[in-house]
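Working notes, beginning with the structure itself.
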Amino acid sequence: MMPRRPAHNLEVAETLREALANLRAQGRRSALALLGILIGTASIVAMLNIGHIAQLETSKLFSHLGADMVQLRAMPTGAAPAALDRELIEQLPARDPDVAWSLPLATGRAQVAFGSQRHDMLIVAITPALPRLAGLHLERGRSIAAIDQCAMVAVAGAEAATQLSSPGNQLMPTGKVAIGDYVYSVIGTLRPSFAEALSPGDYNKALLIPLDCARRVLGSSAPTTAMVRLRPGADAEKAGARLSGMLANASSSIEVISARQLIKTMNEQKAVHTSMLAAIGGISLLVGGIGVMNVMLMSVMERRSEIGLRAAIGATPRDLQLMFTVEAGVLALAGGVAGTLIGVLIAWIMAQYSGWTFDLAFYVLPLGSGMAAIVGLVFGLYPAITAARLHPIEALRAD
Amino acid sequence: MLRLNHVQKAYGTPEQPIPVLHDISIDVADGEFCAILGPSGSGKSTLLNIIGVLDHPDAGEIELGGVPIDFGSATEAARLRNQLLGFVFQSFQLLPRLTAWENVALPLLYRGTPRPERKPRALAMLDRLGLGERVHHLPAELSGGQRQRVALARALIGDPKLVLADEPTGSLDSVTAAEVLQLLRQLNRDFGVTLLMVTHDRGLAEACDRSIEILDGRVVSDVRRDG
Ligand SMILES: Nc1ncnc2c1ncn2[C@@H]1O[C@H](COP(=O)(O)OP(=O)(O)OP(=O)(O)O)[C@@H](O)[C@H]1O
Ligand SMILES: [Mg+2]
């Protein structure tokens, strides 16, 4: 006699349309419930995206030198200046099985003059292999080569070159710069490079000169730093201790900085931030969920006669439950979408502020909205069940 | 069409039941327009709610179209109301957010009728009830009589076997009440729908095929008139 039909027969589109109309009718109260979800989603999305950006930045810090870098720096033990044995540093790959390569270098500062410009600048005294291993690229001219030996040649970092140039007097190869009391020939200029964590200094702002005869400018031709690349899988801590033992001498003790150690410290700091933000986000989402539950419960109580009428004309308990569940889900989803956008915006602002390159972690888009929708569905369940269980007569009598 | 067999209903607690309906047995024929009369508190609404499968009896059984009603499942009850019954309430019970035609189409929504089919059917029904000009109005923009006509259209749109009206004219002035009654009478004839109307007003009951009077949960008189 009666055609069989499923326990509920509202199409999804139909239910969504109803939900949107109902929420619009609720107006300001819906907006308030939305706010909690929005804040929760925004903080979680911002946190995840900032984490993603920080990860990229961290990996950039080690992109050329790699995570297997160790820097051994000489610290003076007494009045005499710290100095390392250059030959010993260059022999490290042969002496220690964990060492892939090892470069001696020295850094210091000196007065540099070019034309009318005169500046106190970072001087890095290097051996020919360094530019290639540190990922430095030439803009013009050539780099320091083995044949230069003790020659008075210099390569200028990008910023240093700009700083020394004046209108009509561009610093470029074959130009002469005075470094301290000596005149050096500029043989090349560098392209801008990214300052990595284990660089002995920012190459952009430095003049590079040969380590041989660096004494003229730095007071000594002895290296003060060894840049050591370990073989993959080597234990940075043990190797660092061993190499320190080999390099230490009467005038210098050794300070070891390893890339692994730096990464570990950064990750620990990040973990603290991440778990703090996650806690804030989680709590806001929870509060938002309770807000949704509250709004939906009030809505169910206010719309009792509507529920009674719908039941009288044929809405099944499932239909009613679905109606309120979808309303809660749509409410939370709207908060989630807005929160996701705001979270990405926050990440973008923080990236600008920290001088990081913004990069969108695409997975946060579905994750943020989905999480919010799930919170809405979970917290909307109880009000929806309440609606479905209302007795039609009691509900109809409500007004 | 409708048969009530020794229907009983009590409110209150199981220890202290307050009987509302004592042993009610009624037969209503197909196409009958039947008034239910009685003083306040006599159990008229309770009876109508049980017939409307909105409430369940404590004892006795009810047959609708020859099939005994299963009061056990809320889902089944909802289906039954949707397929076989139409309701008219004293307070109209129109959803204020929806326009006249959307209110009228609501029962079809729960029947799974696709949207493009619902609108023309609702418009046609409103047109039949003389509200063709008001289909896009919200309930607040309609007079009491017009609202009750929208409610009537909603009760009729699903082509029900039985329409239950609990004091449909209770919140209308006497002129409008007479008009609505006239309309009910006409629909009863035109659609051949069986009508059960609860009323306080003996004058209105006179216009029906039959008046059943209830007092303290018992049928005390049952009068048929020849139309
Ligand atoms: N849910 C309920 N719980 C307890 N008592 C109820 C309930 N519903 C109705 N009653 C009682 O049952 C009796 C009959 O109520 P009912 O609403 O059926 O009367 P009625 O004939 O429709 O009256 P009226 O003309 O005033 O509408 C009344 O005494 C009422 O107080
Ligand atoms: Mg009543």
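To be explicit about the labels: the chains of the structure tokens are called A, B, and onward in the order shown, and within each one the residues are counted from 1, while ligands get numbers from 1 in the order they are shown.
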> What residues in chain A have any atom no more than 6 Å from chain B when counting only C-alpha atoms, and can you write them as a list in words?
Replying inline: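 Putting it all together, I get Asn9, Ile313, Gly314, Ala315 and Thr316 of chain A.
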> Neighbours of ligand 1 within 6 Å, counting only C-alpha atoms and all ligand atoms, as a list in words?
Replying inline: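 Based on only C-alpha atoms and all ligand atoms, ligand 1 is surrounded within 6 Å by Tyr11, Gly12, Val20, Pro39, Ser40, Gly41, Ser42, Gly43, Lys44, Ser45 and Thr46 of chain B.
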Write to file, as an mmCIF file, in the first residue's frame, the residues of the selection just made, with N, CA, C and O atoms.
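Once written, again_33.cif looks like this:
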```
data_model
loop_
_atom_site.group_PDB
_atom_site.id
_atom_site.type_symbol
_atom_site.label_atom_id
_atom_site.label_comp_id
_atom_site.auth_asym_id
_atom_site.auth_seq_id
_atom_site.Cartn_x
_atom_site.Cartn_y
_atom_site.Cartn_z
ATOM 1 N N TYR B 11 -2.662 9.745 31.199
ATOM 2 C CA TYR B 11 -1.410 10.458 31.464
ATOM 3 C C TYR B 11 -1.045 10.245 32.924
ATOM 4 O O TYR B 11 -1.707 9.496 33.635
ATOM 5 N N GLY B 12 -0.023 10.933 33.387
ATOM 6 C CA GLY B 12 0.410 10.735 34.767
ATOM 7 C C GLY B 12 1.409 9.607 34.852
ATOM 8 O O GLY B 12 1.960 9.168 33.851
ATOM 9 N N VAL B 20 -7.521 9.713 30.492
ATOM 10 C CA VAL B 20 -8.026 10.799 29.645
ATOM 11 C C VAL B 20 -9.030 10.258 28.634
ATOM 12 O O VAL B 20 -10.071 10.851 28.408
ATOM 13 N N PRO B 39 -16.323 19.666 25.852
ATOM 14 C CA PRO B 39 -15.776 20.751 26.650
ATOM 15 C C PRO B 39 -14.259 20.642 26.759
ATOM 16 O O PRO B 39 -13.677 19.609 26.433
ATOM 17 N N SER B 40 -13.659 21.728 27.233
ATOM 18 C CA SER B 40 -12.209 21.751 27.391
ATOM 19 C C SER B 40 -11.765 20.655 28.358
ATOM 20 O O SER B 40 -12.391 20.451 29.401
ATOM 21 N N GLY B 41 -10.729 19.944 27.984
ATOM 22 C CA GLY B 41 -10.189 18.905 28.851
ATOM 23 C C GLY B 41 -10.876 17.569 28.697
ATOM 24 O O GLY B 41 -10.550 16.612 29.400
ATOM 25 N N SER B 42 -11.810 17.462 27.750
ATOM 26 C CA SER B 42 -12.547 16.208 27.613
ATOM 27 C C SER B 42 -11.732 15.145 26.882
ATOM 28 O O SER B 42 -12.099 13.973 26.883
ATOM 29 N N GLY B 43 -10.633 15.549 26.236
ATOM 30 C CA GLY B 43 -9.775 14.552 25.579
ATOM 31 C C GLY B 43 -9.831 14.592 24.066
ATOM 32 O O GLY B 43 -9.327 13.674 23.412
ATOM 33 N N LYS B 44 -10.373 15.661 23.483
ATOM 34 C CA LYS B 44 -10.506 15.741 22.019
ATOM 35 C C LYS B 44 -9.133 15.747 21.334
ATOM 36 O O LYS B 44 -8.903 14.978 20.393
ATOM 37 N N SER B 45 -8.247 16.623 21.830
ATOM 38 C CA SER B 45 -6.917 16.712 21.195
ATOM 39 C C SER B 45 -6.142 15.421 21.381
ATOM 40 O O SER B 45 -5.447 14.962 20.466
ATOM 41 N N THR B 46 -6.272 14.834 22.570
ATOM 42 C CA THR B 46 -5.601 13.565 22.832
ATOM 43 C C THR B 46 -6.039 12.515 21.811
ATOM 44 O O THR B 46 -5.210 11.801 21.238
#
```
>> Measuring between only C-alpha atoms and all ligand atoms, which one of A:Arg132, A:Arg29, A:Arg303, A:Arg397 shows the shortest distance to ligand 2?
In response: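 When distances to ligand 2 are compared using only C-alpha atoms and all ligand atoms, the smallest one comes from A:Arg397.
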> as a ChimeraX atom specification, which residues of range 71-221 of chain B does DSSP assign to alpha helix (DSSP H)?
Replying inline: /B:74-84,100-109,115-128,144-156,174-191,202-206
>> Excluding range 306-311 of chain A and its own-chain neighbours fewer than 4 positions away, which residues fall within 6 Å of it when counting only C-alpha atoms? Please give them as a ChimeraX atom specification.
In response: /A:315,392,395-396
>> Counting only C-alpha atoms, which residue out of A:Ser220, A:Gln111, A:Asn169, A:Ser369 sits closest to Val330 in chain A?
In response: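 The shortest atom-to-atom distance to Val330 in chain A comes from A:Ser369.
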>> Need to verify the contact set: Asp209 in chain B, 9 Å, only C-alpha atoms, exclusion of same-chain residues closer than 6 positions in sequence. Can you return it as a PyMOL selection string?
In response: chain B and resi 32-35+223-227
Got time to write the residues from that selection, C-alpha atoms, as a PDB file, in the first residue's frame?
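File produced: part-v5.pdb:
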```pdb
ATOM      1  CA  GLU B  32     -17.086  11.616   5.859  1.00  0.00           C
ATOM      2  CA  PHE B  33     -16.790  15.126   7.322  1.00  0.00           C
ATOM      3  CA  CYS B  34     -16.918  14.514  11.013  1.00  0.00           C
ATOM      4  CA  ALA B  35     -16.914  17.014  13.903  1.00  0.00           C
ATOM      5  CA  VAL B 223     -25.232  12.221  15.467  1.00  0.00           C
ATOM      6  CA  ARG B 224     -25.341  11.796  11.685  1.00  0.00           C
ATOM      7  CA  ARG B 225     -27.001  14.323   9.462  1.00  0.00           C
ATOM      8  CA  ASP B 226     -27.982  13.775   5.898  1.00  0.00           C
ATOM      9  CA  GLY B 227     -26.199  16.353   3.730  1.00  0.00           C
TER      10      GLY B 227
END
```
>> Excluding range 134-149 of chain A and its own-chain neighbours fewer than 2 positions away, which residues fall within 7 Å of it when counting only C-alpha atoms? Please give them as a ChimeraX atom specification.
In response: /A:64-65,128,130-132,151,155,173,187-191,193,210,212
>> Please report the interatomic distance between CA of Leu230 in chain A and CA of Ala67 in chain A in Å with one decimal.
In response: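 Atom-to-atom, CA of Leu230 in chain A to CA of Ala67 in chain A, that is 9.1 Å.
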> Between A:Pro76, A:Pro317, A:Gly66, A:Pro200, which is the closest to Ile254 in chain A once you count only C-alpha atoms?
Replying inline: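 So, comparing all the options, the nearest one is A:Pro76.
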Near-Asn188 in chain B list (10 Å; only C-alpha atoms; drop same-chain fewer than 5 positions) as an mmCIF file with N, CA and C atoms, in the first residue's frame:
```cif
data_model
loop_
_atom_site.group_PDB
_atom_site.id
_atom_site.type_symbol
_atom_site.label_atom_id
_atom_site.label_comp_id
_atom_site.auth_asym_id
_atom_site.auth_seq_id
_atom_site.Cartn_x
_atom_site.Cartn_y
_atom_site.Cartn_z
ATOM 1 N N GLY B 31 -14.690 9.531 3.119
ATOM 2 C CA GLY B 31 -15.316 10.752 2.622
ATOM 3 C C GLY B 31 -16.192 11.465 3.624
ATOM 4 N N GLU B 32 -16.247 10.975 4.848
ATOM 5 C CA GLU B 32 -17.086 11.616 5.859
ATOM 6 C C GLU B 32 -16.437 12.896 6.374
ATOM 7 N N PHE B 33 -17.266 13.899 6.686
ATOM 8 C CA PHE B 33 -16.790 15.126 7.322
ATOM 9 C C PHE B 33 -17.375 15.100 8.725
ATOM 10 N N VAL B 163 -7.745 13.968 6.794
ATOM 11 C CA VAL B 163 -7.194 15.233 7.287
ATOM 12 C C VAL B 163 -7.705 15.461 8.702
ATOM 13 N N GLN B 182 -16.508 26.669 5.250
ATOM 14 C CA GLN B 182 -17.072 26.529 3.912
ATOM 15 C C GLN B 182 -16.069 25.851 2.981
ATOM 16 N N LEU B 183 -14.837 26.304 3.110
ATOM 17 C CA LEU B 183 -13.764 25.773 2.284
ATOM 18 C C LEU B 183 -13.524 24.293 2.600
ATOM 19 N N VAL B 193 -11.814 13.872 0.381
ATOM 20 C CA VAL B 193 -10.968 13.564 1.520
ATOM 21 C C VAL B 193 -11.819 13.428 2.788
ATOM 22 N N THR B 194 -11.470 12.455 3.633
ATOM 23 C CA THR B 194 -12.148 12.277 4.913
ATOM 24 C C THR B 194 -11.629 13.330 5.882
ATOM 25 N N LEU B 195 -12.508 14.001 6.623
ATOM 26 C CA LEU B 195 -12.105 15.104 7.492
ATOM 27 C C LEU B 195 -12.566 14.858 8.918
#
```
So that I can check the surroundings of Met121 in chain A, please list as an mmCIF file with N, CA, C and O atoms, in the first residue's frame every protein, DNA and RNA residue that reaches within 7 Å of it, counting only C-alpha atoms and ignoring chain neighbours fewer than 2 positions away.
```
data_model
loop_
_atom_site.group_PDB
_atom_site.id
_atom_site.type_symbol
_atom_site.label_atom_id
_atom_site.label_comp_id
_atom_site.auth_asym_id
_atom_site.auth_seq_id
_atom_site.Cartn_x
_atom_site.Cartn_y
_atom_site.Cartn_z
ATOM 1 N N ARG A 109 88.939 41.781 10.514
ATOM 2 C CA ARG A 109 88.363 42.987 9.934
ATOM 3 C C ARG A 109 89.483 43.946 9.556
ATOM 4 O O ARG A 109 90.551 43.930 10.176
ATOM 5 N N ALA A 110 89.233 44.746 8.533
ATOM 6 C CA ALA A 110 90.253 45.714 8.124
ATOM 7 C C ALA A 110 89.582 46.908 7.459
ATOM 8 O O ALA A 110 88.445 46.795 6.992
ATOM 9 N N GLN A 111 90.289 48.029 7.432
ATOM 10 C CA GLN A 111 89.799 49.207 6.719
ATOM 11 C C GLN A 111 89.969 48.959 5.231
ATOM 12 O O GLN A 111 91.031 48.563 4.776
ATOM 13 N N VAL A 112 88.914 49.170 4.455
ATOM 14 C CA VAL A 112 88.989 48.963 3.012
ATOM 15 C C VAL A 112 88.635 50.279 2.342
ATOM 16 O O VAL A 112 87.634 50.911 2.690
ATOM 17 N N HIS A 119 85.571 51.838 4.288
ATOM 18 C CA HIS A 119 84.730 51.098 5.241
ATOM 19 C C HIS A 119 85.541 50.089 6.029
ATOM 20 O O HIS A 119 86.544 49.566 5.535
ATOM 21 N N ILE A 123 87.106 40.520 6.390
ATOM 22 C CA ILE A 123 88.068 39.920 5.466
ATOM 23 C C ILE A 123 88.096 38.421 5.752
ATOM 24 O O ILE A 123 88.263 38.010 6.903
ATOM 25 N N ALA A 206 81.793 40.471 2.622
ATOM 26 C CA ALA A 206 83.225 40.248 2.865
ATOM 27 C C ALA A 206 84.071 40.460 1.617
ATOM 28 O O ALA A 206 83.574 40.425 0.488
#
```
>> as a ChimeraX atom specification, please: every residue in range 145-384 of chain A that a backbone DSSP assignment puts in strand (DSSP E).
In response: /A:153-156,176-179,182-190,206-210,225-230,252-258
Written selection (C-alpha atoms) as a compact mmCIF listing (two decimals), in the first residue's frame:
```
# COMPACT_ATOMS: atom_id res chain seq x y z
CA VAL A 153 94.18 39.65 -5.23
CA ALA A 154 90.72 39.93 -3.77
CA VAL A 155 87.19 38.76 -4.58
CA ALA A 156 84.40 41.05 -3.35
CA LYS A 176 92.37 48.41 -7.03
CA VAL A 177 91.24 48.43 -3.42
CA ALA A 178 93.28 49.35 -0.41
CA ILE A 179 92.96 46.78 2.36
CA TYR A 182 98.21 47.15 1.02
CA VAL A 183 96.66 47.61 -2.39
CA TYR A 184 94.90 44.55 -3.76
CA SER A 185 93.61 43.89 -7.28
CA VAL A 186 89.97 42.95 -7.49
CA ILE A 187 89.84 39.82 -9.67
CA GLY A 188 86.15 38.97 -9.25
CA THR A 189 82.84 39.84 -7.63
CA LEU A 190 80.37 37.36 -6.18
CA ALA A 206 83.23 40.25 2.87
CA LEU A 207 86.33 40.59 0.78
CA LEU A 208 87.98 37.24 0.10
CA ILE A 209 91.79 37.13 -0.08
CA PRO A 210 94.25 34.21 -0.35
CA THR A 225 89.14 28.10 11.66
CA ALA A 226 88.82 24.67 10.09
CA MET A 227 85.72 23.90 8.08
CA VAL A 228 85.37 20.13 8.13
CA ARG A 229 82.93 18.06 6.16
CA LEU A 230 82.35 14.66 7.76
CA SER A 252 94.64 27.70 21.16
CA SER A 253 91.83 25.65 22.49
CA ILE A 254 89.14 24.46 20.05
CA GLU A 255 85.46 25.32 19.93
CA VAL A 256 83.38 22.87 17.91
CA ILE A 257 80.13 23.87 16.20
CA SER A 258 78.39 21.08 14.35
```
